[in-house]
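Report on the structure given below.
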Amino acid sequence: MWWFQEGLCVLPVALVVWTAATFIFAYITAVVLRHVDPLVPYISDTGTVAPERCVFGVMLNVSAFLGVATMYVRYKQLQALADVDDTRLNRLNVVGFVLGCCSSFGMCVVANFQKTTLFSMHLVGAILTFGIGALYVFIQTALSYLMQPHIHSKTMFWTRLSVGIWTLSSIISMFVSSVIMYSTLPGVEVNKKLHWTPGEPGFTAHIVSTISEWSLALSFISFFLTYIRDFKKINLRASAELQSNHLYESQHYRPVSARGPTETSPLLTGSI
């Protein structure tokens, strides 16, 4: 058995690889077509102009789906591991899953509302993706702290805490540099500015802001790499319970099969 066939560890791997591929593909396409400058453009800028914005949107929507799937498995795993009487841990687990879904929804908003066309919605999507996403990272880090050393190792907690600090530092750096950039360019529609010249007003703040955004995105998706080892120890199954052995609206006789009215397939109910 290959390592990615163990449990459901393929989910976080697929999420990280697919999302990274989305950013790289959009960047290469935008640079080759000269829609953006090669020197660290905003991630959003690489998905602003057709044709790369079309592929960027589709691929990022797939990333959002993989994100929800990964967060759901994590939620079910912690639900199975936690004691029923541990109210604090179970509540944090639910809050974490809700925040994760909001972050994934924000990713869909970013993918489908380009910043040059509807900047306000794009900004809302970015806040949901990275702002709420950062809260998700810290909630999961807190859960790791609460479950050490019996369920989680201290090493895993410190690893996730380090990634969380990396994420927070990138957010602060991006926010401060963006404020400086916008204040340096009053009256300029910065959200529609795709090309920058070294030495022009706001260029240094722009570069710091774009580097911070790439760092933020990298830190956020890197967090899910910490799930790989955990997901090797869980499988999910779905159980379908039929209310009848036919699909007629009225009463109808049909011999019951030997298999019975229940069907089970791999998907939803947790087992560790």
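Convention: chains lettered A, B, ... in structure tokens order; per-chain residue numbering from 1; ligands numbered from 1 as shown.
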
> Taking the backbone alone, and naming residues the way the document does, which bits of stretch 12-148 of chain A are helix (DSSP H, G or I) by DSSP, as a ChimeraX atom specification?
Replying inline: /A:12-32,44-47,52-81,87-112,119-147

Using only C-alpha atoms, which residues of stretch 75-97 of chain A come within 7 Å of stretch 136-158 of chain A, and what is the closest atom pair for each, with the distance in Å to one decimal? Give it as JSON lines, sorted by chain and residue number.
{"residue": "A:Leu89", "atom": "CA", "partner": "A:Leu143", "partner_atom": "CA", "distance": 6.7}
{"residue": "A:Leu92", "atom": "CA", "partner": "A:Ile139", "partner_atom": "CA", "distance": 6.9}
{"residue": "A:Gly96", "atom": "CA", "partner": "A:Tyr136", "partner_atom": "CA", "distance": 5.4}

Next, the residues of the selection above should be written as a PDB file, in the first residue's frame with N, CA, C and O atoms.
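again_27.pdb, written as the output of this step:
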ATOM      1  N   LEU A  89     -13.904  21.169  24.294  1.00  0.00           N
ATOM      2  CA  LEU A  89     -13.259  20.649  23.095  1.00  0.00           C
ATOM      3  C   LEU A  89     -14.263  20.436  21.965  1.00  0.00           C
ATOM      4  O   LEU A  89     -13.997  20.766  20.808  1.00  0.00           O
ATOM      5  N   LEU A  92     -15.318  23.842  20.521  1.00  0.00           N
ATOM      6  CA  LEU A  92     -14.248  24.374  19.674  1.00  0.00           C
ATOM      7  C   LEU A  92     -14.184  23.645  18.337  1.00  0.00           C
ATOM      8  O   LEU A  92     -13.927  24.253  17.295  1.00  0.00           O
ATOM      9  N   GLY A  96     -14.603  25.518  14.861  1.00  0.00           N
ATOM     10  CA  GLY A  96     -13.543  25.397  13.869  1.00  0.00           C
ATOM     11  C   GLY A  96     -14.084  24.976  12.513  1.00  0.00           C
ATOM     12  O   GLY A  96     -13.695  25.520  11.472  1.00  0.00           O
TER      13      GLY A  96
END

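Of the residues listed (A:Leu135, A:Ile221, A:Cys54, A:Val190), A:Ile221 shows the shortest atom-to-atom separation from A:Pro12; distances use only C-alpha atoms.
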
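Look at A:Gly7: the protein and nucleic acid residues within 6 Å of it, using only C-alpha atoms and passing over chain neighbours fewer than 2 places away, are A:Cys9, A:Phe231, A:Lys232, A:Lys233, A:Ile234, A:Asn235.
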
C-alpha atoms of the current selection, written as a PDB file, in the first residue's frame:
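Final file, out.pdb:
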ATOM      1  CA  CYS A   9      -4.376  11.433   3.906  1.00  0.00           C
ATOM      2  CA  PHE A 231      -5.596  11.450   8.285  1.00  0.00           C
ATOM      3  CA  LYS A 232      -3.753   8.162   7.871  1.00  0.00           C
ATOM      4  CA  LYS A 233      -5.709   6.966  10.897  1.00  0.00           C
ATOM      5  CA  ILE A 234      -9.268   7.626   9.762  1.00  0.00           C
ATOM      6  CA  ASN A 235     -11.730   6.319   7.174  1.00  0.00           C
TER       7      ASN A 235
END

> Quick one: of A:Asp230, A:Asp45, A:Glu189, A:Glu249, who's nearest to A:His122, counting only C-alpha atoms?
Replying inline: A:Asp45

> Counting only C-alpha atoms, what is within 12 Å of A:Trp196, bar same-chain residues fewer than 5 positions away, as a ChimeraX atom specification?
Replying inline: /A:35-42,190,201-207,210

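Residues lying within 6 Å of A:Gly125, counting only C-alpha atoms and ignoring same-chain neighbours fewer than 5 positions away, are A:Gly106, A:Val109, A:Val110.
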
Can you write just those residues out, all heavy atoms, as a PDB file, in the first residue's frame?
ATOM      1  N   GLY A 106     -15.321  31.957   1.162  1.00  0.00           N
ATOM      2  CA  GLY A 106     -14.588  33.157   0.756  1.00  0.00           C
ATOM      3  C   GLY A 106     -13.684  32.895  -0.436  1.00  0.00           C
ATOM      4  O   GLY A 106     -13.514  33.758  -1.310  1.00  0.00           O
ATOM      5  N   VAL A 109     -15.719  33.191  -3.471  1.00  0.00           N
ATOM      6  CA  VAL A 109     -15.995  34.597  -3.771  1.00  0.00           C
ATOM      7  C   VAL A 109     -14.788  35.229  -4.462  1.00  0.00           C
ATOM      8  O   VAL A 109     -14.930  35.941  -5.465  1.00  0.00           O
ATOM      9  CB  VAL A 109     -16.346  35.370  -2.481  1.00  0.00           C
ATOM     10  CG1 VAL A 109     -16.508  36.863  -2.779  1.00  0.00           C
ATOM     11  CG2 VAL A 109     -17.621  34.819  -1.868  1.00  0.00           C
ATOM     12  N   VAL A 110     -13.595  34.967  -3.949  1.00  0.00           N
ATOM     13  CA  VAL A 110     -12.376  35.497  -4.566  1.00  0.00           C
ATOM     14  C   VAL A 110     -12.226  34.991  -5.999  1.00  0.00           C
ATOM     15  O   VAL A 110     -11.836  35.734  -6.902  1.00  0.00           O
ATOM     16  CB  VAL A 110     -11.134  35.095  -3.733  1.00  0.00           C
ATOM     17  CG1 VAL A 110      -9.848  35.365  -4.503  1.00  0.00           C
ATOM     18  CG2 VAL A 110     -11.116  35.845  -2.408  1.00  0.00           C
TER      19      VAL A 110
END
